[in-house]
$ cat final.pdb   # PDB, C-alpha atoms
MODEL        1
ATOM      1  CA  MET O   1      -8.485 140.229  90.827
ATOM      2  CA  PRO O   2      -8.301 138.387  87.578
ATOM      3  CA  THR O   3      -9.993 140.314  84.821
ATOM      4  CA  TYR O   4     -11.150 138.284  81.857
ATOM      5  CA  THR O   5     -12.222 140.049  78.697
ATOM      6  CA  VAL O   6     -14.299 137.909  76.355
ATOM      7  CA  THR O   7     -14.545 139.237  72.809
ATOM      8  CA  VAL O   8     -16.650 137.525  70.179
ATOM      9  CA  ALA O   9     -16.445 137.953  66.426
ATOM     10  CA  ASN O  10     -19.121 136.926  63.963
ATOM     11  CA  LEU O  11     -21.493 135.595  66.578
ATOM     12  CA  SER O  12     -23.857 136.934  69.173
ATOM     13  CA  LEU O  13     -24.036 135.646  72.733
ATOM     14  CA  SER O  14     -27.360 135.511  74.538
ATOM     15  CA  PRO O  15     -27.586 136.876  78.091
ATOM     16  CA  GLN O  16     -27.788 133.258  79.284
ATOM     17  CA  GLN O  17     -24.597 132.310  77.400
ATOM     18  CA  LYS O  18     -22.780 135.329  78.857
ATOM     19  CA  SER O  19     -23.880 134.328  82.339
ATOM     20  CA  GLN O  20     -22.794 130.721  81.749
ATOM     21  CA  ILE O  21     -19.397 131.783  80.388
ATOM     22  CA  ALA O  22     -18.853 134.186  83.298
ATOM     23  CA  GLU O  23     -19.694 131.381  85.729
ATOM     24  CA  ALA O  24     -17.438 128.909  83.889
ATOM     25  CA  ILE O  25     -14.486 131.316  83.957
ATOM     26  CA  THR O  26     -15.082 132.178  87.617
ATOM     27  CA  ALA O  27     -15.387 128.515  88.610
ATOM     28  CA  ALA O  28     -12.283 127.546  86.630
ATOM     29  CA  HIS O  29     -10.217 130.342  88.144
ATOM     30  CA  ASN O  30     -11.343 129.425  91.659
ATOM     31  CA  ALA O  31     -10.828 125.677  91.138
ATOM     32  CA  GLN O  32      -7.401 125.938  89.530
ATOM     33  CA  THR O  33      -5.861 128.802  91.541
ATOM     34  CA  GLY O  34      -7.702 128.675  94.863
ATOM     35  CA  ALA O  35      -8.387 132.422  94.654
ATOM     36  CA  PRO O  36     -11.768 133.518  96.044
ATOM     37  CA  ARG O  37     -14.609 133.561  93.528
ATOM     38  CA  PHE O  38     -15.270 137.249  94.154
ATOM     39  CA  PHE O  39     -11.836 138.072  92.731
ATOM     40  CA  ALA O  40     -12.884 137.087  89.195
ATOM     41  CA  GLN O  41     -14.543 139.604  86.919
ATOM     42  CA  VAL O  42     -15.594 139.000  83.327
ATOM     43  CA  LEU O  43     -16.290 141.654  80.678
ATOM     44  CA  PHE O  44     -17.908 140.995  77.292
ATOM     45  CA  TYR O  45     -17.369 142.755  73.975
ATOM     46  CA  ALA O  46     -18.369 142.023  70.390
ATOM     47  CA  ALA O  47     -16.405 142.968  67.295
ATOM     48  CA  ASN O  48     -18.567 144.618  64.660
ATOM     49  CA  GLU O  49     -18.912 142.903  61.297
ATOM     50  CA  GLY O  50     -15.847 143.753  59.240
ATOM     51  CA  ASP O  51     -13.767 144.774  62.278
ATOM     52  CA  HIS O  52     -11.973 141.461  62.767
ATOM     53  CA  PHE O  53      -9.067 140.534  60.523
ATOM     54  CA  VAL O  54      -6.866 137.447  60.419
ATOM     55  CA  GLY O  55      -3.799 137.500  58.223
ATOM     56  CA  GLY O  56      -4.810 140.873  56.830
ATOM     57  CA  ARG O  57      -8.198 139.649  55.625
ATOM     58  CA  VAL O  58     -11.649 140.109  57.096
ATOM     59  CA  ASN O  59     -12.547 137.082  59.171
ATOM     60  CA  THR O  60     -16.066 135.744  58.763
ATOM     61  CA  ALA O  61     -15.797 132.666  61.009
ATOM     62  CA  PRO O  62     -17.373 132.768  64.480
ATOM     63  CA  GLN O  63     -14.644 133.062  67.111
ATOM     64  CA  VAL O  64     -14.293 133.645  70.843
ATOM     65  CA  TYR O  65     -11.259 135.325  72.402
ATOM     66  CA  VAL O  66     -10.545 135.299  76.127
ATOM     67  CA  HIS O  67      -7.819 137.581  77.463
ATOM     68  CA  GLY O  68      -7.117 137.077  81.150
ATOM     69  CA  LEU O  69      -5.047 139.427  83.279
ATOM     70  CA  VAL O  70      -4.000 137.406  86.336
ATOM     71  CA  ARG O  71      -1.583 137.747  89.233
ATOM     72  CA  ASP O  72       1.767 136.147  88.636
ATOM     73  CA  GLY O  73       3.179 133.501  90.926
ATOM     74  CA  ARG O  74       1.512 130.386  89.575
ATOM     75  CA  GLY O  75       3.149 127.602  87.631
ATOM     76  CA  ILE O  76       2.525 126.668  84.023
ATOM     77  CA  ASP O  77       0.624 123.543  85.102
ATOM     78  CA  ILE O  78      -1.975 125.626  86.950
ATOM     79  CA  LYS O  79      -2.297 128.129  84.110
ATOM     80  CA  GLN O  80      -2.686 125.429  81.465
ATOM     81  CA  ALA O  81      -5.263 123.578  83.573
ATOM     82  CA  LEU O  82      -7.144 126.876  83.969
ATOM     83  CA  MET O  83      -7.113 127.560  80.233
ATOM     84  CA  SER O  84      -8.063 123.967  79.379
ATOM     85  CA  GLN O  85     -11.037 124.042  81.741
ATOM     86  CA  MET O  86     -12.223 127.361  80.281
ATOM     87  CA  LEU O  87     -11.795 126.073  76.723
ATOM     88  CA  GLU O  88     -13.831 122.938  77.380
ATOM     89  CA  GLU O  89     -16.705 124.852  78.969
ATOM     90  CA  ILE O  90     -16.798 127.704  76.446
ATOM     91  CA  THR O  91     -16.933 125.317  73.478
ATOM     92  CA  GLN O  92     -19.961 123.605  75.026
ATOM     93  CA  ILE O  93     -21.759 126.815  75.999
ATOM     94  CA  VAL O  94     -21.295 128.511  72.626
ATOM     95  CA  ASP O  95     -21.379 125.291  70.547
ATOM     96  CA  ILE O  96     -18.168 126.268  68.802
ATOM     97  CA  ARG O  97     -15.106 124.265  67.810
ATOM     98  CA  ALA O  98     -12.086 124.413  70.116
ATOM     99  CA  GLU O  99      -9.972 125.717  67.245
ATOM    100  CA  ASP O 100     -12.213 128.805  67.151
ATOM    101  CA  VAL O 101     -11.583 129.720  70.786
ATOM    102  CA  TRP O 102      -8.375 131.574  71.615
ATOM    103  CA  ILE O 103      -7.316 132.058  75.235
ATOM    104  CA  TYR O 104      -4.447 134.215  76.489
ATOM    105  CA  LEU O 105      -3.287 134.625  80.087
ATOM    106  CA  GLN O 106      -1.066 137.525  81.012
ATOM    107  CA  ASP O 107       0.698 137.663  84.380
ATOM    108  CA  ILE O 108       0.881 140.887  86.361
ATOM    109  CA  PRO O 109       2.785 141.176  89.669
ATOM    110  CA  ALA O 110       0.387 141.685  92.594
ATOM    111  CA  THR O 111       2.476 144.732  93.531
ATOM    112  CA  GLN O 112       1.280 146.354  90.284
ATOM    113  CA  MET O 113      -2.450 145.908  90.936
ATOM    114  CA  ILE O 114      -4.800 147.892  93.164
ATOM    115  CA  GLU O 115      -8.289 146.564  93.812
ATOM    116  CA  PHE O 116     -10.752 147.412  96.509
ATOM    117  CA  GLY O 117      -8.470 150.376  97.250
ATOM    118  CA  ARG O 118      -5.381 148.307  98.143
ATOM    119  CA  PHE O 119      -2.489 146.509  96.491
ATOM    120  CA  LEU O 120      -3.334 142.875  95.890
ATOM    121  CA  PRO O 121      -1.803 140.101  97.958
ATOM    122  CA  ALA O 122       0.477 137.408  96.608
ATOM    123  CA  PRO O 123      -1.340 134.214  95.590
ATOM    124  CA  GLY O 124      -2.317 132.249  98.693
ATOM    125  CA  GLU O 125      -2.536 135.333 100.955
ATOM    126  CA  GLU O 126      -6.094 136.316  99.992
ATOM    127  CA  THR O 127      -7.761 135.336 103.281
ATOM    128  CA  GLU O 128      -5.596 137.625 105.366
ATOM    129  CA  TRP O 129      -5.866 140.408 102.757
ATOM    130  CA  GLU O 130      -9.668 140.115 102.714
ATOM    131  CA  LYS O 131      -9.749 140.822 106.468
ATOM    132  CA  GLY O 132      -8.553 144.358 105.667
ATOM    133  CA  MET O 133     -11.777 145.154 103.802
ATOM    134  CA  THR O 134     -14.541 147.048 105.503
ATOM    135  CA  PRO O 135     -17.325 144.802 106.778
ATOM    136  CA  GLU O 136     -19.714 146.528 104.359
ATOM    137  CA  LYS O 137     -17.533 145.676 101.352
ATOM    138  CA  ARG O 138     -17.014 142.072 102.481
ATOM    139  CA  ASP O 139     -20.770 141.647 102.956
ATOM    140  CA  SER O 140     -21.491 143.032  99.485
ATOM    141  CA  LEU O 141     -19.292 140.481  97.704
ATOM    142  CA  PRO O 142     -20.705 137.279  96.175
ATOM    143  CA  LYS O 143     -20.072 134.276  98.355
TER     144      LYS O 143
ENDMDL
END
$ encode --input "final.pdb" --output "structure tokens"
Amino acid sequence: MPTYTVTVANLSLSPQQKSQIAEAITAAHNAQTGAPRFFAQVLFYAANEGDHFVGGRVNTAPQVYVHGLVRDGRGIDIKQALMSQMLEEITQIVDIRAEDVWIYLQDIPATQMIEFGRFLPAPGEETEWEKGMTPEKRDSLPK
């Protein structure tokens, strides 16, 4: 399951903006990788005033940072398309310049990830893997 952590500095996101960003990240991940939407999770954090430094100095500019932990096995073209789609949507949702949005993707082998109580499948093997879930868990997931 890709886990995206969104951290903001020197700005506050409304609940609606958080929901829109979570949807944009989920949609981008699904569209670019083909992974089921329910795999994506998004967490939000805010840096306190004076807690964000750039070049050793307190940063006062509004910025958005997205750190995505994703399964490895996808090419650079897919990852760059994913990041580009997220960048475009986040800049519109937050009304922030692209140069103030930083996005990092970090690959993790599926063999080093456990979710829903089991090791994750390789990219493209999600449908078969999902069949191993209990019916109750499958029914509880967003469609």
$ atom_distance --input "final.pdb" --atom1 "atom CA of O:Lys18" --atom2 "atom CA of O:Phe44"
7.6 Å
$ atom_distance --input "final.pdb" --atom1 "atom CA of O:Leu105" --atom2 "atom CA of O:Asp77"
12.8 Å
$ axis_aligned_box --input "final.pdb" --around "stretch 67-73 of chain O" --padding-each-side "5 Å" --output "AutoDock Vina command-line options"
--center_x -2.3 --center_y 136.5 --center_z 84.2 --size_x 21.0 --size_y 15.9 --size_z 23.5
$ resolve_selection --input "final.pdb" --expression "the PyMOL selection byres ((chain O and resi 114-123) around 10)" --output "VMD selection string"
chain O and resid 1 33 to 35 39 71 to 74 109 to 113 124 to 130 132 to 134 137
$ atom_distance --input "final.pdb" --atom1 "atom CA of O:Val8" --atom2 "atom CA of O:Ala46"
4.8 Å
$ residues_near_point --input "final.pdb" --point "(-14.8, 143.1, 61.8)" --cutoff "12 Å" --atoms "all atoms listed in the file" --output "number ranges by chain"
O: 7-11, 46-54, 56-63
$ resolve_selection --input "final.pdb" --expression "the PyMOL selection byres ((chain O and resi 88) around 12)" --output "list of chain:residue names"
O:Ile21, O:Ala24, O:Ile25, O:Ala28, O:Ala81, O:Leu82, O:Met83, O:Ser84, O:Gln85, O:Met86, O:Leu87, O:Glu89, O:Ile90, O:Thr91, O:Gln92, O:Ile93, O:Val94, O:Asp95, O:Ile96, O:Arg97, O:Ala98, O:Glu99, O:Asp100, O:Val101, O:Trp102, O:Ile103
$ closest_residue --input "final.pdb" --among "O:Ser140, O:Tyr45, O:Ile108, O:Ala31" --to "O:Val64" --atoms "all atoms listed in the file"
O:Tyr45
$ closest_residue --input "final.pdb" --among "O:Arg138, O:Ser19, O:Tyr4, O:Val42" --to "O:His67" --atoms "only C-alpha atoms"
O:Tyr4
$ residues_around --input "final.pdb" --residues "O:Thr26" --least-positions-apart "6" --cutoff "8 Å" --atoms "only C-alpha atoms" --output "mmCIF file with C-alpha atoms, in the coordinates of the input"
data_model
loop_
_atom_site.group_PDB
_atom_site.id
_atom_site.type_symbol
_atom_site.label_atom_id
_atom_site.label_comp_id
_atom_site.auth_asym_id
_atom_site.auth_seq_id
_atom_site.Cartn_x
_atom_site.Cartn_y
_atom_site.Cartn_z
ATOM 1 C CA ARG O 37 -14.609 133.561 93.528
ATOM 2 C CA ALA O 40 -12.884 137.087 89.195
ATOM 3 C CA GLN O 41 -14.543 139.604 86.919
#
